[in-house]
file protein-v4.txt (compact mmCIF, C-alpha atoms and all ligand atoms)
# COMPACT_ATOMS: atom_id res chain seq x y z
CA MET A 234 88.74 -28.61 -68.49
CA SER A 235 89.80 -31.69 -66.53
CA GLU A 236 93.41 -32.69 -65.96
CA ARG A 237 95.35 -34.56 -68.61
CA VAL A 238 96.90 -38.00 -68.15
CA TYR A 239 99.68 -38.40 -70.72
CA ILE A 240 99.90 -41.72 -72.50
CA PHE A 241 103.50 -42.83 -73.05
CA ASP A 242 103.58 -45.84 -75.32
CA THR A 243 106.56 -48.18 -75.09
CA THR A 244 105.36 -50.91 -77.46
CA LEU A 245 108.36 -50.31 -79.69
CA ARG A 246 110.86 -50.50 -76.82
CA ASP A 247 109.69 -52.50 -73.77
CA GLY A 248 107.02 -54.21 -75.90
CA GLU A 249 109.59 -55.33 -78.41
CA GLN A 250 111.51 -56.96 -75.54
CA SER A 251 108.68 -59.52 -75.44
CA PRO A 252 109.88 -62.87 -76.85
CA GLY A 253 108.72 -63.25 -80.44
CA ALA A 254 107.78 -59.58 -80.83
CA THR A 255 110.84 -58.35 -82.70
CA MET A 256 109.91 -55.94 -85.51
CA ASN A 257 111.90 -54.82 -88.52
CA LEU A 258 112.31 -51.19 -89.48
CA ASP A 259 109.30 -51.00 -91.81
CA GLU A 260 107.09 -52.71 -89.25
CA LYS A 261 108.20 -50.30 -86.54
CA ILE A 262 107.41 -47.33 -88.73
CA ARG A 263 103.96 -48.72 -89.56
CA MET A 264 103.30 -49.28 -85.87
CA ALA A 265 104.58 -45.81 -84.94
CA ARG A 266 102.22 -44.23 -87.49
CA GLN A 267 99.33 -46.21 -86.04
CA LEU A 268 100.28 -45.02 -82.53
CA GLU A 269 100.21 -41.46 -83.79
CA THR A 270 96.74 -42.01 -85.25
CA LEU A 271 95.69 -43.53 -81.93
CA GLY A 272 96.71 -40.29 -80.23
CA VAL A 273 99.44 -41.30 -77.79
CA ASP A 274 101.44 -38.38 -76.41
CA ILE A 275 104.86 -40.03 -76.45
CA ILE A 276 106.25 -42.93 -78.49
CA GLU A 277 109.26 -44.63 -76.93
CA ALA A 278 110.90 -45.75 -80.14
CA GLY A 279 113.76 -47.89 -78.82
CA PHE A 280 117.07 -48.07 -77.00
CA PRO A 281 119.55 -46.43 -79.42
CA ILE A 282 122.78 -47.70 -77.79
CA ALA A 283 121.53 -51.31 -77.85
CA SER A 284 122.46 -51.92 -81.52
CA GLN A 285 122.98 -50.15 -84.83
CA GLY A 286 119.55 -51.44 -85.90
CA ASP A 287 117.87 -49.93 -82.83
CA PHE A 288 119.64 -46.62 -83.39
CA GLU A 289 118.50 -46.51 -87.01
CA SER A 290 114.93 -47.43 -86.25
CA VAL A 291 114.66 -44.78 -83.51
CA ARG A 292 115.99 -42.19 -85.95
CA ALA A 293 113.69 -43.37 -88.73
CA ILE A 294 110.65 -43.18 -86.44
CA ALA A 295 111.72 -39.73 -85.24
CA ASN A 296 111.79 -38.67 -88.91
CA ALA A 297 108.55 -40.40 -89.87
CA VAL A 298 106.12 -38.99 -87.31
CA GLY A 299 104.76 -35.49 -86.76
CA ASP A 300 104.00 -33.69 -83.51
CA VAL A 301 103.97 -36.74 -81.23
CA GLN A 302 106.95 -36.79 -78.84
CA VAL A 303 109.60 -39.42 -79.62
CA ALA A 304 111.63 -40.81 -76.73
CA GLY A 305 114.78 -42.90 -76.77
CA LEU A 306 115.90 -44.88 -73.74
CA CYS A 307 119.43 -44.67 -72.34
CA ARG A 308 121.31 -45.70 -69.23
CA SER A 309 122.63 -42.91 -67.02
CA VAL A 310 125.99 -42.77 -68.73
CA VAL A 311 127.31 -40.12 -71.08
CA LYS A 312 127.89 -42.32 -74.16
CA ASP A 313 124.35 -43.74 -73.96
CA ILE A 314 122.81 -40.29 -73.57
CA ASP A 315 124.81 -38.90 -76.49
CA ARG A 316 123.79 -41.81 -78.71
CA CYS A 317 120.17 -41.42 -77.68
CA TRP A 318 120.19 -37.71 -78.55
CA GLU A 319 121.78 -38.45 -81.94
CA ALA A 320 118.84 -40.74 -82.70
CA VAL A 321 115.92 -38.65 -81.40
CA LYS A 322 117.05 -35.14 -82.21
CA VAL A 323 115.50 -35.21 -85.71
CA ALA A 324 112.03 -35.54 -84.18
CA LYS A 325 109.82 -32.45 -83.94
CA ASN A 326 109.48 -33.17 -80.23
CA PRO A 327 112.35 -35.32 -78.97
CA ARG A 328 112.68 -36.70 -75.45
CA ILE A 329 115.66 -38.28 -73.70
CA HIS A 330 114.62 -40.98 -71.25
CA THR A 331 117.45 -41.93 -68.93
CA PHE A 332 117.22 -44.54 -66.18
CA LEU A 333 119.13 -45.73 -63.14
CA ALA A 334 118.30 -48.38 -60.56
CA THR A 335 117.48 -47.21 -57.04
CA SER A 336 116.56 -50.39 -55.12
CA PRO A 337 119.09 -51.89 -52.67
CA ILE A 338 119.25 -55.16 -54.60
CA HIS A 339 119.92 -53.46 -57.96
CA MET A 340 122.33 -50.88 -56.55
CA GLU A 341 124.41 -53.50 -54.74
CA HIS A 342 124.30 -56.48 -57.10
CA LYS A 343 123.80 -54.94 -60.54
CA LEU A 344 125.47 -51.55 -60.33
CA GLY A 345 127.91 -52.15 -57.48
CA LYS A 346 127.21 -48.59 -56.28
CA THR A 347 126.27 -47.01 -52.97
CA PRO A 348 123.10 -44.91 -52.71
CA GLU A 349 125.29 -41.78 -52.53
CA GLN A 350 127.02 -42.72 -55.78
CA VAL A 351 123.65 -43.37 -57.43
CA LEU A 352 122.50 -39.87 -56.44
CA VAL A 353 125.62 -38.37 -58.02
CA MET A 354 125.13 -40.44 -61.20
CA ALA A 355 121.45 -39.45 -61.50
CA ASP A 356 122.33 -35.79 -61.11
CA ALA A 357 125.12 -35.96 -63.69
CA ALA A 358 123.07 -37.94 -66.22
CA VAL A 359 120.08 -35.62 -66.11
CA ARG A 360 122.32 -32.51 -66.28
CA HIS A 361 124.07 -33.97 -69.32
CA ALA A 362 120.76 -34.80 -71.05
CA ALA A 363 119.33 -31.36 -70.17
CA GLN A 364 122.11 -29.71 -72.17
CA TYR A 365 120.44 -31.15 -75.27
CA THR A 366 116.74 -30.68 -74.49
CA THR A 367 114.33 -29.52 -71.82
CA ASN A 368 112.32 -32.70 -72.42
CA VAL A 369 114.16 -35.12 -70.10
CA GLU A 370 112.60 -38.08 -68.33
CA PHE A 371 114.35 -39.84 -65.48
CA SER A 372 113.32 -43.36 -64.38
CA ALA A 373 114.21 -44.79 -60.99
CA GLU A 374 114.43 -48.42 -62.06
CA ASP A 375 112.94 -50.90 -59.55
CA ALA A 376 111.40 -47.94 -57.70
CA SER A 377 108.73 -50.07 -56.05
CA ARG A 378 111.42 -52.04 -54.17
CA SER A 379 113.38 -48.91 -53.26
CA ASP A 380 113.49 -47.12 -49.92
CA TRP A 381 110.79 -44.43 -50.07
CA ASP A 382 112.91 -41.67 -48.52
CA PHE A 383 115.76 -42.48 -50.87
CA LEU A 384 113.30 -42.25 -53.75
CA VAL A 385 112.27 -38.80 -52.51
CA LYS A 386 115.93 -37.73 -52.61
CA VAL A 387 116.52 -39.21 -56.08
CA THR A 388 113.38 -37.54 -57.42
CA GLU A 389 114.32 -34.14 -55.95
CA THR A 390 117.85 -34.48 -57.35
CA ALA A 391 116.66 -35.41 -60.85
CA ILE A 392 114.12 -32.56 -60.93
CA SER A 393 116.74 -30.05 -59.72
CA ALA A 394 119.07 -31.30 -62.46
CA GLY A 395 116.44 -30.60 -65.12
CA ALA A 396 114.17 -33.66 -65.45
CA THR A 397 110.63 -32.69 -66.40
CA THR A 398 109.17 -36.19 -66.05
CA ILE A 399 110.00 -38.60 -63.23
CA ASN A 400 109.03 -42.18 -63.87
CA ILE A 401 108.39 -44.61 -61.01
CA PRO A 402 108.57 -48.13 -62.45
CA ASP A 403 107.31 -51.30 -60.87
CA THR A 404 110.04 -53.05 -62.80
CA VAL A 405 109.38 -56.58 -61.57
CA GLY A 406 105.60 -56.34 -61.13
CA TYR A 407 105.93 -56.76 -57.36
CA THR A 408 103.84 -53.96 -55.94
CA GLN A 409 100.17 -54.11 -54.93
CA PRO A 410 97.61 -51.45 -55.91
CA HIS A 411 97.05 -50.05 -52.40
CA GLU A 412 100.79 -49.98 -51.72
CA PHE A 413 101.62 -48.30 -55.04
CA HIS A 414 98.92 -45.71 -54.37
CA GLU A 415 100.60 -44.95 -51.03
CA LEU A 416 104.04 -44.72 -52.63
CA ILE A 417 102.92 -42.23 -55.29
CA LYS A 418 101.05 -40.22 -52.69
CA TYR A 419 104.16 -40.24 -50.48
CA LEU A 420 106.20 -38.78 -53.34
CA MET A 421 103.53 -36.19 -54.17
CA ASP A 422 103.47 -35.12 -50.51
CA ASN A 423 107.20 -35.23 -49.75
CA VAL A 424 109.16 -34.28 -52.88
CA SER A 425 109.75 -30.56 -52.34
CA ASN A 426 109.89 -29.65 -56.06
CA VAL A 427 107.29 -32.14 -57.32
CA ASP A 428 105.26 -29.36 -58.98
CA LYS A 429 108.10 -28.90 -61.51
CA ALA A 430 107.70 -32.37 -63.06
CA VAL A 431 105.10 -34.85 -64.22
CA ILE A 432 105.07 -38.02 -62.15
CA SER A 433 104.83 -41.10 -64.35
CA VAL A 434 104.37 -44.81 -63.68
CA HIS A 435 105.52 -47.88 -65.58
CA CYS A 436 104.08 -51.17 -64.34
CA HIS A 437 104.92 -54.74 -65.26
CA ASN A 438 102.42 -57.55 -65.11
CA ASP A 439 104.21 -60.38 -63.27
CA LEU A 440 101.31 -60.72 -60.81
CA GLY A 441 98.63 -59.61 -63.28
CA LEU A 442 98.41 -56.22 -61.52
CA ALA A 443 100.01 -53.84 -64.03
CA VAL A 444 96.77 -52.12 -65.03
CA ALA A 445 95.42 -52.02 -61.45
CA ASN A 446 98.69 -50.54 -60.19
CA THR A 447 98.74 -47.94 -62.97
CA LEU A 448 95.20 -46.88 -62.17
CA ALA A 449 95.92 -46.72 -58.43
CA ALA A 450 98.91 -44.47 -59.16
CA ILE A 451 96.81 -42.15 -61.33
CA ARG A 452 94.36 -41.77 -58.48
CA ALA A 453 97.30 -40.81 -56.25
CA GLY A 454 98.55 -38.09 -58.61
CA ALA A 455 100.57 -39.74 -61.40
CA ARG A 456 99.85 -37.96 -64.69
CA GLN A 457 101.75 -40.10 -67.17
CA ALA A 458 101.04 -43.81 -67.76
CA GLU A 459 103.64 -45.92 -69.53
CA VAL A 460 101.86 -48.69 -71.39
CA THR A 461 102.05 -50.99 -74.40
CA VAL A 462 99.49 -52.05 -77.00
CA SER A 463 97.85 -55.31 -75.89
CA GLY A 464 100.17 -55.27 -72.85
CA ILE A 465 103.12 -56.89 -74.67
CA GLY A 466 106.48 -56.59 -72.93
CA GLU A 467 109.21 -58.24 -70.88
CA ARG A 468 108.14 -61.48 -69.15
CA ALA A 469 104.38 -61.17 -68.41
CA GLY A 470 104.25 -57.81 -70.16
CA ASN A 471 103.41 -54.21 -69.33
CA ALA A 472 100.18 -52.41 -68.47
CA ALA A 473 97.91 -52.66 -71.51
CA LEU A 474 97.21 -49.28 -73.10
CA GLU A 475 93.66 -50.16 -74.13
CA GLU A 476 92.76 -51.41 -70.63
CA VAL A 477 94.12 -48.35 -68.81
CA VAL A 478 92.37 -45.98 -71.23
CA MET A 479 89.03 -47.78 -71.23
CA ALA A 480 89.06 -48.20 -67.45
CA MET A 481 89.43 -44.44 -67.16
CA ASN A 482 86.84 -43.73 -69.86
CA THR A 483 84.28 -46.18 -68.52
CA ARG A 484 84.71 -44.98 -64.92
CA LYS A 485 84.92 -41.21 -65.31
CA ASP A 486 83.47 -41.02 -61.80
CA GLN A 487 86.80 -42.45 -60.54
CA TYR A 488 89.12 -40.88 -63.13
CA PRO A 489 87.94 -37.38 -64.10
CA TYR A 490 90.86 -36.97 -66.52
CA GLU A 491 91.38 -36.59 -70.23
CA THR A 492 93.77 -38.43 -72.53
CA GLY A 493 94.49 -37.67 -76.17
CA ILE A 494 93.47 -41.20 -77.21
CA ASN A 495 90.93 -41.72 -79.97
CA THR A 496 89.33 -44.86 -78.53
CA HIS A 497 87.98 -45.84 -81.96
CA GLU A 498 91.59 -46.63 -82.89
CA LEU A 499 92.18 -49.03 -79.97
CA PHE A 500 91.06 -52.21 -81.68
CA PRO A 501 92.70 -51.30 -85.02
CA SER A 502 95.97 -50.65 -83.11
CA CYS A 503 95.89 -54.02 -81.34
CA ARG A 504 95.03 -55.73 -84.61
CA ARG A 505 97.85 -53.94 -86.43
CA LEU A 506 100.33 -55.07 -83.76
CA SER A 507 99.04 -58.61 -83.85
CA GLN A 508 99.46 -58.73 -87.66
CA ILE A 509 102.96 -57.29 -87.45
CA ILE A 510 104.30 -59.61 -84.76
CA GLY A 511 102.35 -62.59 -86.05
CA GLN A 512 100.74 -63.37 -82.71
CA PRO A 513 96.94 -63.54 -82.40
CA ILE A 514 95.13 -61.46 -79.80
CA PRO A 515 94.31 -63.99 -77.03
CA PRO A 516 90.58 -64.94 -76.89
CA TYR A 517 90.03 -63.68 -73.33
CA LYS A 518 92.05 -60.46 -73.68
CA ALA A 519 90.05 -57.64 -72.08
CA ILE A 520 88.66 -55.02 -74.48
CA VAL A 521 90.15 -56.41 -77.70
CA GLY A 522 90.07 -60.23 -77.43
CA PRO A 523 87.79 -62.11 -79.84
CA ASN A 524 85.52 -63.07 -76.92
CA ALA A 525 85.40 -59.64 -75.26
CA PHE A 526 81.98 -58.80 -76.77
CA ALA A 527 80.73 -62.30 -77.57
CA HIS A 528 77.67 -63.50 -75.66
CA GLU A 529 77.02 -67.22 -75.48
CA SER A 530 74.70 -67.99 -72.61
CA GLY A 531 70.95 -67.80 -73.22
CA VAL A 532 70.35 -65.48 -70.27
CA HIS A 533 73.05 -63.05 -71.40
CA GLN A 534 71.96 -63.19 -75.04
CA ASP A 535 68.38 -62.48 -74.08
CA GLY A 536 69.57 -59.53 -71.94
CA VAL A 537 71.73 -57.88 -74.61
CA ILE A 538 69.09 -58.33 -77.28
CA LYS A 539 66.62 -56.44 -75.06
CA ASN A 540 69.16 -53.86 -73.87
CA ARG A 541 72.92 -54.04 -74.47
CA LEU A 542 73.67 -52.30 -71.18
CA THR A 543 72.54 -55.42 -69.29
CA TYR A 544 75.83 -57.17 -70.05
CA GLU A 545 78.01 -54.59 -71.82
CA ILE A 546 79.77 -51.79 -69.92
CA MET A 547 81.12 -50.20 -73.10
CA THR A 548 80.14 -50.53 -76.73
CA PRO A 549 82.34 -52.47 -79.14
CA GLU A 550 81.90 -49.57 -81.58
CA SER A 551 83.54 -47.18 -79.09
CA ILE A 552 86.83 -49.06 -79.41
CA GLY A 553 86.60 -49.54 -83.15
CA ARG A 554 85.06 -53.01 -83.34
CA ALA A 555 82.25 -53.83 -85.73
CA GLY A 556 79.72 -54.76 -83.04
CA ASN A 557 78.87 -57.35 -80.46
CA GLU A 558 78.42 -60.95 -81.38
CA ILE A 559 75.76 -63.45 -80.55
CA VAL A 560 77.61 -66.76 -80.36
CA ILE A 561 75.31 -69.72 -80.93
CA GLY A 562 76.09 -72.66 -78.68
CA LYS A 563 74.34 -75.11 -76.39
CA HIS A 564 73.50 -72.35 -73.90
CA SER A 565 71.71 -70.16 -76.44
CA GLY A 566 68.02 -69.47 -76.07
CA SER A 567 65.27 -68.92 -78.64
CA HIS A 568 65.69 -65.10 -78.63
CA ALA A 569 69.30 -65.43 -79.67
CA ILE A 570 68.49 -67.89 -82.41
CA ARG A 571 65.69 -65.64 -83.71
CA LYS A 572 68.15 -62.70 -83.73
CA LYS A 573 70.79 -64.74 -85.54
CA VAL A 574 68.23 -65.77 -88.18
CA GLU A 575 67.35 -62.10 -88.74
CA GLN A 576 71.06 -61.17 -88.97
CA LEU A 577 71.51 -63.86 -91.60
CA GLY A 578 68.65 -62.33 -93.59
CA TYR A 579 65.98 -65.03 -93.12
CA SER A 580 62.42 -64.64 -91.95
CA LEU A 581 60.99 -67.70 -90.18
CA ASP A 582 57.64 -68.21 -88.51
CA ASP A 583 57.36 -69.63 -85.00
CA ALA A 584 57.00 -73.24 -86.15
CA GLN A 585 60.08 -72.95 -88.37
CA LEU A 586 62.01 -71.33 -85.54
CA GLY A 587 61.04 -74.26 -83.30
CA VAL A 588 62.46 -76.73 -85.86
CA LEU A 589 65.65 -74.70 -86.15
CA PHE A 590 65.99 -74.35 -82.36
CA ASN A 591 65.93 -78.14 -81.90
CA ALA A 592 68.36 -78.68 -84.76
CA VAL A 593 70.79 -76.10 -83.35
CA LYS A 594 70.66 -77.68 -79.89
CA GLU A 595 71.34 -81.10 -81.34
CA LEU A 596 74.34 -79.81 -83.27
CA ALA A 597 75.63 -77.74 -80.32
CA ASP A 598 75.85 -80.90 -78.21
CA LYS A 599 78.31 -82.32 -80.72
CA LYS A 600 80.22 -79.18 -81.63
CA GLU A 601 81.85 -76.55 -79.41
CA GLN A 602 80.62 -73.56 -81.40
CA VAL A 603 77.89 -73.30 -83.97
CA PHE A 604 79.04 -70.90 -86.67
CA ASP A 605 76.85 -68.72 -88.89
CA GLU A 606 77.49 -71.15 -91.74
CA ASP A 607 76.13 -74.01 -89.56
CA VAL A 608 72.96 -72.09 -88.72
CA GLU A 609 72.44 -71.25 -92.36
CA ALA A 610 72.96 -74.87 -93.38
CA LEU A 611 70.42 -75.98 -90.74
CA ILE A 612 67.89 -73.44 -91.98
CA LEU A 613 68.23 -74.74 -95.52
CA GLU A 614 68.42 -78.39 -94.60
CA LYS A 615 66.03 -78.76 -91.66
CA VAL A 616 63.64 -75.87 -92.15
CA PHE A 617 63.48 -75.56 -95.92
CA ARG A 618 64.60 -79.19 -96.52
CA ARG A 619 67.01 -78.17 -99.28
CA ARG A 620 70.15 -80.22 -99.69
CA ASP A 621 71.96 -78.35 -102.46
O1 LIG B 1 110.70 -51.75 -66.26
C1 LIG B 1 111.48 -50.79 -66.16
O2 LIG B 1 111.94 -50.41 -65.07
C2 LIG B 1 111.88 -50.12 -67.38
C3 LIG B 1 112.64 -48.84 -67.24
C4 LIG B 1 113.83 -48.82 -68.09
C5 LIG B 1 111.72 -47.67 -67.46
O3 LIG B 1 111.52 -50.55 -68.47
ZN ZN B 2 109.81 -51.91 -68.25

call {"tool": "encode", "arguments": {"input": "protein-v4.txt", "output": "structure tokens"}}
result
Amino acid sequence: MSERVYIFDTTLRDGEQSPGATMNLDEKIRMARQLETLGVDIIEAGFPIASQGDFESVRAIANAVGDVQVAGLCRSVVKDIDRCWEAVKVAKNPRIHTFLATSPIHMEHKLGKTPEQVLVMADAAVRHAAQYTTNVEFSAEDASRSDWDFLVKVTETAISAGATTINIPDTVGYTQPHEFHELIKYLMDNVSNVDKAVISVHCHNDLGLAVANTLAAIRAGARQAEVTVSGIGERAGNAALEEVVMAMNTRKDQYPYETGINTHELFPSCRRLSQIIGQPIPPYKAIVGPNAFAHESGVHQDGVIKNRLTYEIMTPESIGRAGNEIVIGKHSGSHAIRKKVEQLGYSLDDAQLGVLFNAVKELADKKEQVFDEDVEALILEKVFRRRD
């Protein structure tokens, strides 16, 4: 049995912090149920102290789901932690997730605290949370811009105080994959009690590196990935759940680990989110974008018709999509057009296919994409000469 990488989904907390992605209570519950079907290990349901609405939705989600763990986020202060526990405690498996900044810039300018004071606060917060539950996560906010030896001390302190998950966020998406790999390895090698906790990572996408940084950290020993569906989140977003999972699944040689994710639910989950927040999945989005399995060029179309593996590293069916798509355009070759004709249910001889091929090329020069309806109209009009 290979090692497990836990998938911690924060679509309903960090994801909801994405402009335009606010969800009402019913929508959050629908999304939480979909996340449970998808097989995530932990749902971060919200930030209970943030507002009465957030508190109520965290509690409603905690009530609505089954065995999946439900986390609430809280700052490292007693009133936040108490409020968080009030909201999550009705879950079958509640988690308190408390955070505190550890980078010099955050400690000085945001918290107005010395590193020594931050250590005391982290210790007190985790001890307070651990009175409620053994399932306590501590996040060292802005960890990737923190002093590494200070991070070792903070991690040791939080674990000694009772944290069972330590999260190392790249809060501002600043780190680079090789550097983040070294940081996680440094913690694995230098934190004296590291075996008593799961090391987690939480990467933002400001430089487009959130997924790469998450994967680098997993290779260095992190065993929890904090992600969001379609990568929604603050600013440029968070590491996309579907990309992290499919990168690991597709490259088992690099990531010999298991997750609890049912990959067939990846596309339905992204689609559900997109319907709820009213934002389409971008065309070029890896794994789930409309173009992710669409082949337009003649060479590629010819290849996938002969053998899909020529240009597809995973099947669309494996992530819950209907199938790949031959897109007819000016780059399409005769094999693709023949295939499209078959898919549309027609049977043409070579001469008829030649007529259709020329008609498609002529239309494709005038129109960006030739849709199935266009091909069908050309078959009727140019091949069968019917105008009705
Ligand atoms: O980005 C971040 O640092 C966070 C923490 C609160 C986990 O979202
Ligand atoms: Zn975040």

call {"tool": "closest_residue", "arguments": {"input": "protein-v4.txt", "among": "A:Tyr488, A:Asp605, A:Asp598, A:Asn368", "to": "Glu575 (chain A)", "atoms": "only C-alpha atoms"}}
result
A:Asp605

call {"tool": "closest_residue", "arguments": {"input": "protein-v4.txt", "among": "A:His330, A:Lys322, A:Lys261, A:Lys518", "to": "ligand LIG 1 (chain B)", "atoms": "all atoms listed in the file"}}
result
A:His330

call {"tool": "closest_residue", "arguments": {"input": "protein-v4.txt", "among": "A:Leu586, A:Ala373, A:Leu268, A:Leu258", "to": "Phe241 (chain A)", "atoms": "all atoms listed in the file"}}
result
A:Leu268

call {"tool": "residues_around", "arguments": {"input": "protein-v4.txt", "residues": "Tyr490 (chain A)", "least_positions_apart": "2", "cutoff": "6 Å", "atoms": "only C-alpha atoms", "output": "ChimeraX atom specification"}}
result
/A:235-237,488

call {"tool": "residues_near_ligand", "arguments": {"input": "protein-v4.txt", "ligand": "ligand ZN 2 (chain B)", "cutoff": "9 Å", "atoms": "all atoms listed in the file", "output": "VMD selection string"}}
result
chain A and resid 243 246 to 248 374 402 to 405 435 to 437 459 466 to 467 470 to 471

call {"tool": "residues_around", "arguments": {"input": "protein-v4.txt", "residues": "Phe332 (chain A)", "least_positions_apart": "6", "cutoff": "9 Å", "atoms": "all atoms listed in the file", "output": "list in words"}}
result
Leu306, Cys307, Arg308, Ser309, Ala355, Ala358, Glu370, Phe371, Ser372, Ala373, Glu374 and Asn400 of chain A

call {"tool": "atom_distance", "arguments": {"input": "protein-v4.txt", "atom1": "CA of Gly279 (chain A)", "atom2": "CA of Gly305 (chain A)"}}
result
5.5 Å

call {"tool": "atom_distance", "arguments": {"input": "protein-v4.txt", "atom1": "CA of Ser379 (chain A)", "atom2": "CA of Arg360 (chain A)"}}
result
22.8 Å

call {"tool": "closest_residue", "arguments": {"input": "protein-v4.txt", "among": "A:Ala295, A:Val460, A:Ala363, A:Ala391", "to": "ligand LIG 1 (chain B)", "atoms": "all atoms listed in the file"}}
result
A:Val460

call {"tool": "axis_aligned_box", "arguments": {"input": "protein-v4.txt", "around": "ligand LIG 1 (chain B)", "padding_each_side": "8 Å", "output": "JSON"}}
result
{"center_x": 112.3, "center_y": -49.7, "center_z": -66.8, "size_x": 19.1, "size_y": 20.1, "size_z": 19.4}

call {"tool": "closest_residue", "arguments": {"input": "protein-v4.txt", "among": "A:His361, A:Arg263, A:Arg468, A:Arg554", "to": "ligand LIG 1 (chain B)", "atoms": "all atoms listed in the file"}}
result
A:Arg468

call {"tool": "decode", "arguments": {"input": "protein-v4.txt", "residues": "region 453-476 of chain A", "atoms": "C-alpha atoms", "output": "JSON list (two decimals), in the first residue's frame"}}
result
[["chain", "number", "residue", "atom", "x", "y", "z"],
["A", 453, "ALA", "CA", 9.97, 16.51, -0.45],
["A", 454, "GLY", "CA", 7.64, 14.87, 2.08],
["A", 455, "ALA", "CA", 4.47, 16.98, 2.35],
["A", 456, "ARG", "CA", 1.46, 14.69, 2.72],
["A", 457, "GLN", "CA", -1.42, 17.15, 2.60],
["A", 458, "ALA", "CA", -2.14, 19.44, -0.36],
["A", 459, "GLU", "CA", -4.42, 22.43, 0.13],
["A", 460, "VAL", "CA", -6.17, 23.14, -3.14],
["A", 461, "THR", "CA", -9.33, 24.57, -4.69],
["A", 462, "VAL", "CA", -11.58, 23.38, -7.50],
["A", 463, "SER", "CA", -10.46, 25.00, -10.78],
["A", 464, "GLY", "CA", -7.81, 26.88, -8.77],
["A", 465, "ILE", "CA", -10.15, 29.70, -7.70],
["A", 466, "GLY", "CA", -8.92, 31.85, -4.82],
["A", 467, "GLU", "CA", -7.41, 35.13, -3.65],
["A", 468, "ARG", "CA", -5.76, 37.18, -6.43],
["A", 469, "ALA", "CA", -4.45, 34.68, -9.04],
["A", 470, "GLY", "CA", -5.93, 31.79, -7.10],
["A", 471, "ASN", "CA", -4.74, 28.63, -5.37],
["A", 472, "ALA", "CA", -3.29, 25.35, -6.60],
["A", 473, "ALA", "CA", -5.97, 23.67, -8.71],
["A", 474, "LEU", "CA", -7.21, 20.41, -7.18],
["A", 475, "GLU", "CA", -7.74, 18.69, -10.53],
["A", 476, "GLU", "CA", -4.25, 19.59, -11.76]]
